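The file model_14.pdb contains PDB, C-alpha atoms:
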```
ATOM      1  CA  MET A   1      16.550  -7.624  -4.343
ATOM      2  CA  GLN A   2      18.474  -9.965  -6.631
ATOM      3  CA  ALA A   3      17.627 -13.487  -5.523
ATOM      4  CA  VAL A   4      19.531 -16.668  -6.234
ATOM      5  CA  PRO A   5      17.429 -19.619  -7.463
ATOM      6  CA  ALA A   6      17.635 -21.420  -4.114
ATOM      7  CA  GLN A   7      16.307 -18.363  -2.287
ATOM      8  CA  ARG A   8      13.434 -17.935  -4.731
ATOM      9  CA  THR A   9      12.578 -21.615  -4.361
ATOM     10  CA  GLU A  10      12.510 -21.290  -0.575
ATOM     11  CA  VAL A  11      10.209 -18.259  -0.727
ATOM     12  CA  VAL A  12       7.827 -19.988  -3.115
ATOM     13  CA  GLY A  13       7.775 -23.083  -0.910
ATOM     14  CA  ARG A  14       6.947 -21.138   2.244
ATOM     15  CA  LEU A  15       4.190 -19.245   0.487
ATOM     16  CA  ARG A  16       2.735 -22.410  -0.994
ATOM     17  CA  ALA A  17       2.818 -24.125   2.403
ATOM     18  CA  ALA A  18       0.875 -21.170   3.821
ATOM     19  CA  GLY A  19      -1.849 -21.721   1.222
ATOM     20  CA  CYS A  20      -0.974 -18.949  -1.252
ATOM     21  CA  VAL A  21      -2.464 -20.051  -4.577
ATOM     22  CA  PHE A  22      -0.234 -17.804  -6.694
ATOM     23  CA  ALA A  23       2.951 -18.472  -4.750
ATOM     24  CA  GLU A  24       5.320 -17.891  -7.689
ATOM     25  CA  ASP A  25       3.811 -14.517  -8.558
ATOM     26  CA  GLU A  26       3.761 -13.426  -4.931
ATOM     27  CA  ALA A  27       7.372 -14.495  -4.445
ATOM     28  CA  ALA A  28       8.438 -12.320  -7.369
ATOM     29  CA  LEU A  29       6.670  -9.293  -5.888
ATOM     30  CA  LEU A  30       8.117  -9.815  -2.419
ATOM     31  CA  LEU A  31      11.608 -10.234  -3.821
ATOM     32  CA  GLU A  32      11.187  -7.035  -5.831
ATOM     33  CA  ALA A  33       9.968  -5.125  -2.779
ATOM     34  CA  ALA A  34      12.758  -6.215  -0.428
ATOM     35  CA  ALA A  35      16.122  -4.428  -0.502
ATOM     36  CA  THR A  36      17.825  -6.894   1.830
ATOM     37  CA  ALA A  37      17.446 -10.455   3.046
ATOM     38  CA  ALA A  38      16.229  -9.129   6.393
ATOM     39  CA  GLU A  39      13.506  -7.073   4.690
ATOM     40  CA  LEU A  40      12.463 -10.092   2.640
ATOM     41  CA  GLU A  41      12.157 -12.209   5.772
ATOM     42  CA  ALA A  42      10.002  -9.550   7.457
ATOM     43  CA  LEU A  43       7.703  -9.269   4.434
ATOM     44  CA  LEU A  44       7.486 -13.022   4.052
ATOM     45  CA  ARG A  45       6.590 -13.557   7.706
ATOM     46  CA  ARG A  46       3.775 -11.013   7.442
ATOM     47  CA  ARG A  47       2.388 -12.677   4.345
ATOM     48  CA  VAL A  48       2.666 -16.213   5.742
ATOM     49  CA  SER A  49       0.814 -15.039   8.864
ATOM     50  CA  GLY A  50      -2.198 -14.319   6.645
ATOM     51  CA  LEU A  51      -1.893 -10.597   6.015
ATOM     52  CA  PRO A  52      -3.146  -9.758   2.504
ATOM     53  CA  LEU A  53      -0.322  -9.426  -0.012
ATOM     54  CA  GLU A  54      -1.456  -5.895  -0.851
ATOM     55  CA  HIS A  55      -1.151  -4.822   2.777
ATOM     56  CA  VAL A  56       2.304  -6.404   2.949
ATOM     57  CA  LEU A  57       3.461  -4.557  -0.169
ATOM     58  CA  GLY A  58       1.612  -1.329   0.587
ATOM     59  CA  TRP A  59      -0.051  -1.222  -2.824
ATOM     60  CA  ALA A  60      -2.553  -3.054  -5.027
ATOM     61  CA  GLU A  61      -2.571  -3.376  -8.810
ATOM     62  CA  PHE A  62      -5.823  -1.985 -10.226
ATOM     63  CA  CYS A  63      -6.575  -1.129 -13.838
ATOM     64  CA  GLY A  64      -2.862  -0.978 -14.583
ATOM     65  CA  LEU A  65      -2.145   1.386 -11.681
ATOM     66  CA  ARG A  66      -0.392   0.876  -8.371
ATOM     67  CA  ILE A  67      -2.870   2.022  -5.737
ATOM     68  CA  ALA A  68      -1.529   2.654  -2.237
ATOM     69  CA  VAL A  69      -3.347   0.641   0.430
ATOM     70  CA  GLY A  70      -2.793   0.752   4.148
ATOM     71  CA  PRO A  71      -3.583  -1.552   7.054
ATOM     72  CA  ALA A  72      -7.318  -2.117   7.562
ATOM     73  CA  VAL A  73      -8.184  -0.545   4.199
ATOM     74  CA  PHE A  74     -10.330  -2.380   1.643
ATOM     75  CA  VAL A  75      -8.239  -3.849  -1.172
ATOM     76  CA  PRO A  76      -9.656  -2.998  -4.630
ATOM     77  CA  ARG A  77     -10.830  -6.095  -6.500
ATOM     78  CA  ARG A  78     -10.035  -6.858 -10.115
ATOM     79  CA  ARG A  79     -13.747  -7.179 -10.946
ATOM     80  CA  THR A  80     -14.329  -3.529 -10.018
ATOM     81  CA  GLY A  81     -12.352  -2.648 -13.121
ATOM     82  CA  TYR A  82     -15.585  -3.361 -15.009
ATOM     83  CA  LEU A  83     -17.310  -0.518 -13.153
ATOM     84  CA  VAL A  84     -14.426   1.721 -14.202
ATOM     85  CA  ARG A  85     -14.728   0.659 -17.851
ATOM     86  CA  LEU A  86     -18.445   1.433 -17.925
ATOM     87  CA  ALA A  87     -18.000   4.809 -16.247
ATOM     88  CA  ALA A  88     -15.070   5.719 -18.492
ATOM     89  CA  ARG A  89     -17.130   4.894 -21.569
ATOM     90  CA  LEU A  90     -19.871   7.255 -20.407
ATOM     91  CA  LEU A  91     -17.375  10.046 -19.768
ATOM     92  CA  GLN A  92     -15.657   9.579 -23.110
ATOM     93  CA  ALA A  93     -19.030   9.766 -24.891
ATOM     94  CA  ARG A  94     -19.957  13.134 -23.360
ATOM     95  CA  PRO A  95     -20.219  16.117 -25.714
ATOM     96  CA  ALA A  96     -17.136  18.317 -25.709
ATOM     97  CA  GLY A  97     -17.131  21.284 -23.386
ATOM     98  CA  GLY A  98     -16.904  21.551 -19.634
ATOM     99  CA  THR A  99     -15.105  19.337 -17.148
ATOM    100  CA  PRO A 100     -17.263  16.432 -15.971
ATOM    101  CA  VAL A 101     -17.930  16.050 -12.260
ATOM    102  CA  VAL A 102     -17.250  12.542 -10.964
ATOM    103  CA  VAL A 103     -17.839  11.199  -7.465
ATOM    104  CA  ASP A 104     -16.262   7.981  -6.192
ATOM    105  CA  LEU A 105     -18.625   7.186  -3.310
ATOM    106  CA  CYS A 106     -17.648   4.565  -0.697
ATOM    107  CA  CYS A 107     -14.235   5.114  -2.211
ATOM    108  CA  GLY A 108     -12.018   3.004   0.033
ATOM    109  CA  SER A 109      -8.484   3.597  -1.252
ATOM    110  CA  GLY A 110      -9.804   5.820  -4.064
ATOM    111  CA  ALA A 111      -8.928   3.206  -6.685
ATOM    112  CA  VAL A 112     -12.013   3.799  -8.830
ATOM    113  CA  GLY A 113     -11.457   7.555  -8.905
ATOM    114  CA  ALA A 114      -7.770   7.166  -9.734
ATOM    115  CA  ALA A 115      -8.520   4.728 -12.555
ATOM    116  CA  LEU A 116     -11.200   7.020 -14.001
ATOM    117  CA  ALA A 117      -8.844   9.987 -13.911
ATOM    118  CA  ALA A 118      -6.279   7.918 -15.836
ATOM    119  CA  ALA A 119      -8.796   6.590 -18.351
ATOM    120  CA  ALA A 120     -11.079   9.571 -18.919
ATOM    121  CA  GLY A 121      -9.538  12.687 -17.399
ATOM    122  CA  PRO A 122      -9.441  15.596 -16.923
ATOM    123  CA  LEU A 123     -12.196  15.425 -14.297
ATOM    124  CA  GLU A 124     -13.493  17.382 -11.356
ATOM    125  CA  LEU A 125     -13.016  14.385  -9.105
ATOM    126  CA  HIS A 126     -14.407  13.903  -5.621
ATOM    127  CA  ALA A 127     -14.228  10.834  -3.382
ATOM    128  CA  ALA A 128     -15.842  10.055  -0.051
ATOM    129  CA  ASP A 129     -15.759   7.343   2.588
ATOM    130  CA  VAL A 130     -17.096   7.005   6.119
ATOM    131  CA  ASP A 131     -13.952   5.229   7.361
ATOM    132  CA  PRO A 132     -11.171   7.619   8.444
ATOM    133  CA  ALA A 133      -8.425   5.137   7.481
ATOM    134  CA  ALA A 134      -9.905   4.756   4.002
ATOM    135  CA  ALA A 135     -10.280   8.512   3.542
ATOM    136  CA  ALA A 136      -6.649   9.047   4.567
ATOM    137  CA  CYS A 137      -5.518   6.381   2.097
ATOM    138  CA  ALA A 138      -7.653   7.892  -0.665
ATOM    139  CA  ARG A 139      -6.000  11.256  -0.090
ATOM    140  CA  ARG A 140      -2.602   9.658  -0.736
ATOM    141  CA  ASN A 141      -3.844   8.329  -4.060
ATOM    142  CA  LEU A 142      -6.087  11.147  -5.232
ATOM    143  CA  GLN A 143      -4.827  14.491  -3.962
ATOM    144  CA  PRO A 144      -1.813  14.379  -6.325
ATOM    145  CA  LEU A 145      -4.412  14.190  -9.117
ATOM    146  CA  GLY A 146      -6.119  17.348  -7.913
ATOM    147  CA  ALA A 147      -9.091  15.477  -6.441
ATOM    148  CA  GLU A 148     -10.930  16.336  -3.234
ATOM    149  CA  VAL A 149     -11.432  13.581  -0.670
ATOM    150  CA  HIS A 150     -14.222  13.918   1.886
ATOM    151  CA  GLU A 151     -14.820  11.927   5.067
ATOM    152  CA  GLY A 152     -18.368  11.142   6.160
ATOM    153  CA  ASP A 153     -21.475   9.048   5.663
ATOM    154  CA  LEU A 154     -22.377   8.843   1.954
ATOM    155  CA  TYR A 155     -23.755  12.163   0.658
ATOM    156  CA  ASP A 156     -23.325  13.876   4.035
ATOM    157  CA  ALA A 157     -19.615  13.976   3.216
ATOM    158  CA  LEU A 158     -20.048  15.853  -0.063
ATOM    159  CA  PRO A 159     -19.923  19.640  -0.396
ATOM    160  CA  GLU A 160     -23.314  21.168  -1.084
ATOM    161  CA  ARG A 161     -22.015  22.771  -4.275
ATOM    162  CA  LEU A 162     -22.050  19.333  -5.953
ATOM    163  CA  ARG A 163     -25.794  18.892  -5.544
ATOM    164  CA  GLY A 164     -27.371  18.535  -9.000
ATOM    165  CA  ARG A 165     -23.958  18.654 -10.739
ATOM    166  CA  VAL A 166     -22.622  15.084 -10.654
ATOM    167  CA  ASP A 167     -22.210  13.575 -14.117
ATOM    168  CA  VAL A 168     -20.976  10.159 -12.974
ATOM    169  CA  LEU A 169     -21.609   8.724  -9.526
ATOM    170  CA  ALA A 170     -19.519   5.548  -9.268
ATOM    171  CA  VAL A 171     -20.286   3.428  -6.221
ATOM    172  CA  ASN A 172     -18.703   0.253  -4.901
ATOM    173  CA  ALA A 173     -20.703   0.115  -1.681
ATOM    174  CA  PRO A 174     -20.485  -3.062   0.432
ATOM    175  CA  TYR A 175     -23.031  -5.630  -0.725
ATOM    176  CA  VAL A 176     -22.217  -8.791   1.223
ATOM    177  CA  PRO A 177     -25.163  -9.851   3.461
ATOM    178  CA  SER A 178     -24.229  -9.620   7.136
ATOM    179  CA  ALA A 179     -24.705 -13.347   7.734
ATOM    180  CA  MET A 180     -22.279 -14.165   4.906
ATOM    181  CA  ILE A 181     -19.308 -12.183   6.248
ATOM    182  CA  GLY A 182     -18.114 -15.230   8.174
ATOM    183  CA  THR A 183     -17.857 -17.264   4.971
ATOM    184  CA  MET A 184     -15.535 -14.789   3.257
ATOM    185  CA  PRO A 185     -11.815 -15.586   2.814
ATOM    186  CA  PRO A 186      -9.776 -14.824   5.951
ATOM    187  CA  GLU A 187      -7.801 -12.110   4.146
ATOM    188  CA  ALA A 188     -11.025 -10.124   3.812
ATOM    189  CA  ARG A 189     -12.927 -10.866   7.007
ATOM    190  CA  LEU A 190      -9.899 -10.630   9.303
ATOM    191  CA  TYR A 191      -7.939  -7.768   7.782
ATOM    192  CA  GLU A 192     -10.433  -5.493   6.017
ATOM    193  CA  PRO A 193     -12.849  -3.315   8.005
ATOM    194  CA  ARG A 194     -16.331  -4.762   8.358
ATOM    195  CA  VAL A 195     -17.823  -1.424   7.298
ATOM    196  CA  SER A 196     -16.282  -1.989   3.844
ATOM    197  CA  LEU A 197     -17.842  -5.459   3.495
ATOM    198  CA  ASP A 198     -21.167  -5.558   5.326
ATOM    199  CA  GLY A 199     -24.184  -4.574   3.238
ATOM    200  CA  GLY A 200     -26.772  -5.277   5.928
ATOM    201  CA  PRO A 201     -29.221  -8.170   6.279
ATOM    202  CA  ASP A 202     -29.750  -8.645   2.526
ATOM    203  CA  GLY A 203     -26.588  -6.883   1.340
ATOM    204  CA  LEU A 204     -28.553  -4.034  -0.220
ATOM    205  CA  GLU A 205     -28.866  -1.555   2.647
ATOM    206  CA  LEU A 206     -26.234   0.853   1.301
ATOM    207  CA  GLN A 207     -27.552   0.544  -2.243
ATOM    208  CA  ARG A 208     -30.999   1.697  -1.060
ATOM    209  CA  ARG A 209     -29.526   4.731   0.635
ATOM    210  CA  VAL A 210     -27.327   5.618  -2.343
ATOM    211  CA  ALA A 211     -30.150   5.293  -4.878
ATOM    212  CA  ALA A 212     -32.689   7.173  -2.757
ATOM    213  CA  ALA A 213     -30.679  10.393  -2.735
ATOM    214  CA  ALA A 214     -28.962  10.038  -6.118
ATOM    215  CA  PRO A 215     -31.576  12.085  -8.071
ATOM    216  CA  ASP A 216     -30.771  15.098  -5.894
ATOM    217  CA  TRP A 217     -27.070  14.925  -6.737
ATOM    218  CA  LEU A 218     -27.001  13.844 -10.371
ATOM    219  CA  ALA A 219     -26.776  16.437 -13.119
ATOM    220  CA  PRO A 220     -29.356  16.269 -15.929
ATOM    221  CA  GLY A 221     -28.350  13.226 -17.963
ATOM    222  CA  GLY A 222     -26.023  12.066 -15.180
ATOM    223  CA  HIS A 223     -25.499   8.420 -14.320
ATOM    224  CA  LEU A 224     -25.305   6.264 -11.220
ATOM    225  CA  LEU A 225     -23.277   3.049 -11.412
ATOM    226  CA  ILE A 226     -23.342   0.528  -8.565
ATOM    227  CA  GLU A 227     -21.369  -2.694  -8.394
ATOM    228  CA  THR A 228     -23.502  -5.590  -7.192
ATOM    229  CA  SER A 229     -23.675  -9.370  -7.573
ATOM    230  CA  ARG A 230     -25.337 -11.313 -10.359
ATOM    231  CA  ARG A 231     -27.822 -12.734  -7.861
ATOM    232  CA  GLN A 232     -28.665  -9.337  -6.357
ATOM    233  CA  ALA A 233     -28.831  -7.404  -9.639
ATOM    234  CA  PRO A 234     -32.618  -7.745 -10.186
ATOM    235  CA  ARG A 235     -33.203  -6.374  -6.688
ATOM    236  CA  THR A 236     -30.760  -3.538  -7.354
ATOM    237  CA  VAL A 237     -32.751  -2.615 -10.478
ATOM    238  CA  GLU A 238     -35.916  -2.546  -8.351
ATOM    239  CA  ILE A 239     -34.164  -0.254  -5.881
ATOM    240  CA  PHE A 240     -33.244   2.090  -8.728
ATOM    241  CA  ALA A 241     -36.837   2.122  -9.998
ATOM    242  CA  GLY A 242     -38.172   2.864  -6.529
ATOM    243  CA  SER A 243     -35.935   5.921  -6.403
ATOM    244  CA  GLY A 244     -37.046   7.257  -9.781
ATOM    245  CA  LEU A 245     -34.013   5.977 -11.671
ATOM    246  CA  SER A 246     -33.817   3.927 -14.796
ATOM    247  CA  GLY A 247     -31.793   0.760 -14.315
ATOM    248  CA  ARG A 248     -30.005  -1.687 -16.563
ATOM    249  CA  VAL A 249     -27.759  -4.618 -15.695
ATOM    250  CA  PHE A 250     -24.341  -5.058 -17.298
ATOM    251  CA  SER A 251     -22.080  -7.976 -16.584
ATOM    252  CA  SER A 252     -18.723  -9.454 -17.515
ATOM    253  CA  ARG A 253     -18.322 -13.204 -17.148
ATOM    254  CA  LYS A 254     -14.573 -12.858 -17.605
ATOM    255  CA  LEU A 255     -14.286 -10.624 -14.526
ATOM    256  CA  ASP A 256     -17.269 -12.142 -12.666
ATOM    257  CA  ALA A 257     -18.514  -8.571 -12.413
ATOM    258  CA  THR A 258     -22.010  -7.082 -12.357
ATOM    259  CA  VAL A 259     -22.943  -3.400 -12.455
ATOM    260  CA  VAL A 260     -26.324  -1.688 -12.489
ATOM    261  CA  LEU A 261     -26.326   1.549 -14.449
ATOM    262  CA  GLY A 262     -29.084   4.124 -14.393
ATOM    263  CA  GLY A 263     -29.971   7.763 -14.507
ATOM    264  CA  VAL A 264     -32.774  10.222 -13.871
ATOM    265  CA  ALA A 265     -33.085  11.091 -17.572
ATOM    266  CA  ALA A 266     -33.241   8.737 -20.549
ATOM    267  CA  GLY A 267     -29.477   8.732 -20.965
ATOM    268  CA  VAL A 268     -28.639   5.153 -20.122
ATOM    269  CA  ALA A 269     -25.867   3.735 -22.300
ATOM    270  CA  ALA A 270     -26.981   1.590 -25.215
ATOM    271  CA  GLY A 271     -24.066  -0.808 -24.958
ATOM    272  CA  ALA A 272     -21.233  -1.795 -22.713
ATOM    273  CA  PRO A 273     -17.874  -3.538 -22.942
ATOM    274  CA  ARG A 274     -17.918  -7.256 -22.267
TER
END
```
Turn the structure described in the file into structure tokens.
Amino acid sequence: MQAVPAQRTEVVGRLRAAGCVFAEDEAALLLEAAATAAELEALLRRRVSGLPLEHVLGWAEFCGLRIAVGPAVFVPRRRTGYLVRLAARLLQARPAGGTPVVVDLCCGSGAVGAALAAAAGPLELHAADVDPAAAACARRNLQPLGAEVHEGDLYDALPERLRGRVDVLAVNAPYVPSAMIGTMPPEARLYEPRVSLDGGPDGLELQRRVAAAAPDWLAPGGHLLIETSRRQAPRTVEIFAGSGLSGRVFSSRKLDATVVLGGVAAGVAAGAPR
């Protein structure tokens, strides 16, 4: 809606009073989303109550795309764009011929898969998540791209025909230690499902399960990429090695992002974007 300066100032003030760090930017998005003053008030009240901005708007910006997100669905983080950049670089470096098979595992909204399709398509794209709400949201984002979305626990969700055929397995599994969930910002711990945050006692439970079965699903020369933390990365590399995978740490200080990249064969990338 077209806002007068006084109205914009009021919106910014209410957001700032509620603790929104980027009050001006959020005000602009809320004003854009609202068609009427009544709609603006409804959106503003939801945001001031603590609901994540992305859940208020119904979408999140990720890698230049608007990704639909619904209530109780994990909001894609900016740092995960680094995982996308690494995976896209691998796909773009593949020899010509054949459509690469990509799996976005623990897909949440399907943001990683959507961004990879935009950056490195065409792909045979699959996504999977154990959470029904996340899988439904991923279908909204990915089915228009021709992708298949599967609901279930990790590899159990995938069709058997993908076994041994996956060229890129991109994984943003939860890696927050269980005891640390309570220290997370309220927008995450109160409004995102715990299953999308909790990585078990040391944060690495899902990574162990993903890496253990990855060799069965990767194609020759295929790659597994897992987002992790800088502190956990050495342990993630050990997990890869214990599953028969090579492992190398890549990080971006700008995005505060860390990814471990590995494969069954000696096809690990020699370099990565910073």
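Residues lying within 8 Å of segment 111-115 of chain A, counting all atoms listed in the file and ignoring same-chain neighbours fewer than 2 positions away, are Phe62, Cys63, Leu65, Ile67, Pro76, Thr80, Gly81, Val84, Val102, Val103, Asp104, Cys107, Gly108, Ser109, Ala117, Ala118, Ala119, Leu125, His126, Ala127, Ala138, Asn141, Leu142, Leu145 and Ala170 of chain A.
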Contacts of segment 195-211 of chain A at 7 Å or less, counting all atoms listed in the file, minus same-chain residues fewer than 4 places along, as a count of residues only?
-> 11
Point-to-point distance in Å for atom CA of Val11 of chain A and atom CA of Ala23 of chain A |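 Those two atoms sit 8.3 Å apart.
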Using only C-alpha atoms, which of the listed residues (A:Arg66, A:Arg77, A:His55, A:Arg165) sits closest to Val101 of chain A?
->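 Closest residue, counting only C-alpha atoms: A:Arg165.
Distances to Glu227 of chain A were evaluated for A:Leu86, A:Ala214, A:Val130, A:Gly244 using all atoms listed in the file, and the minimum falls at A:Leu86.
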Which residues match the PyMOL selection byres ((chain A and resi 191) around 8) in the file above, as a PyMOL selection string?
-> chain A and resi 51-52+71-72+186-190+192-193
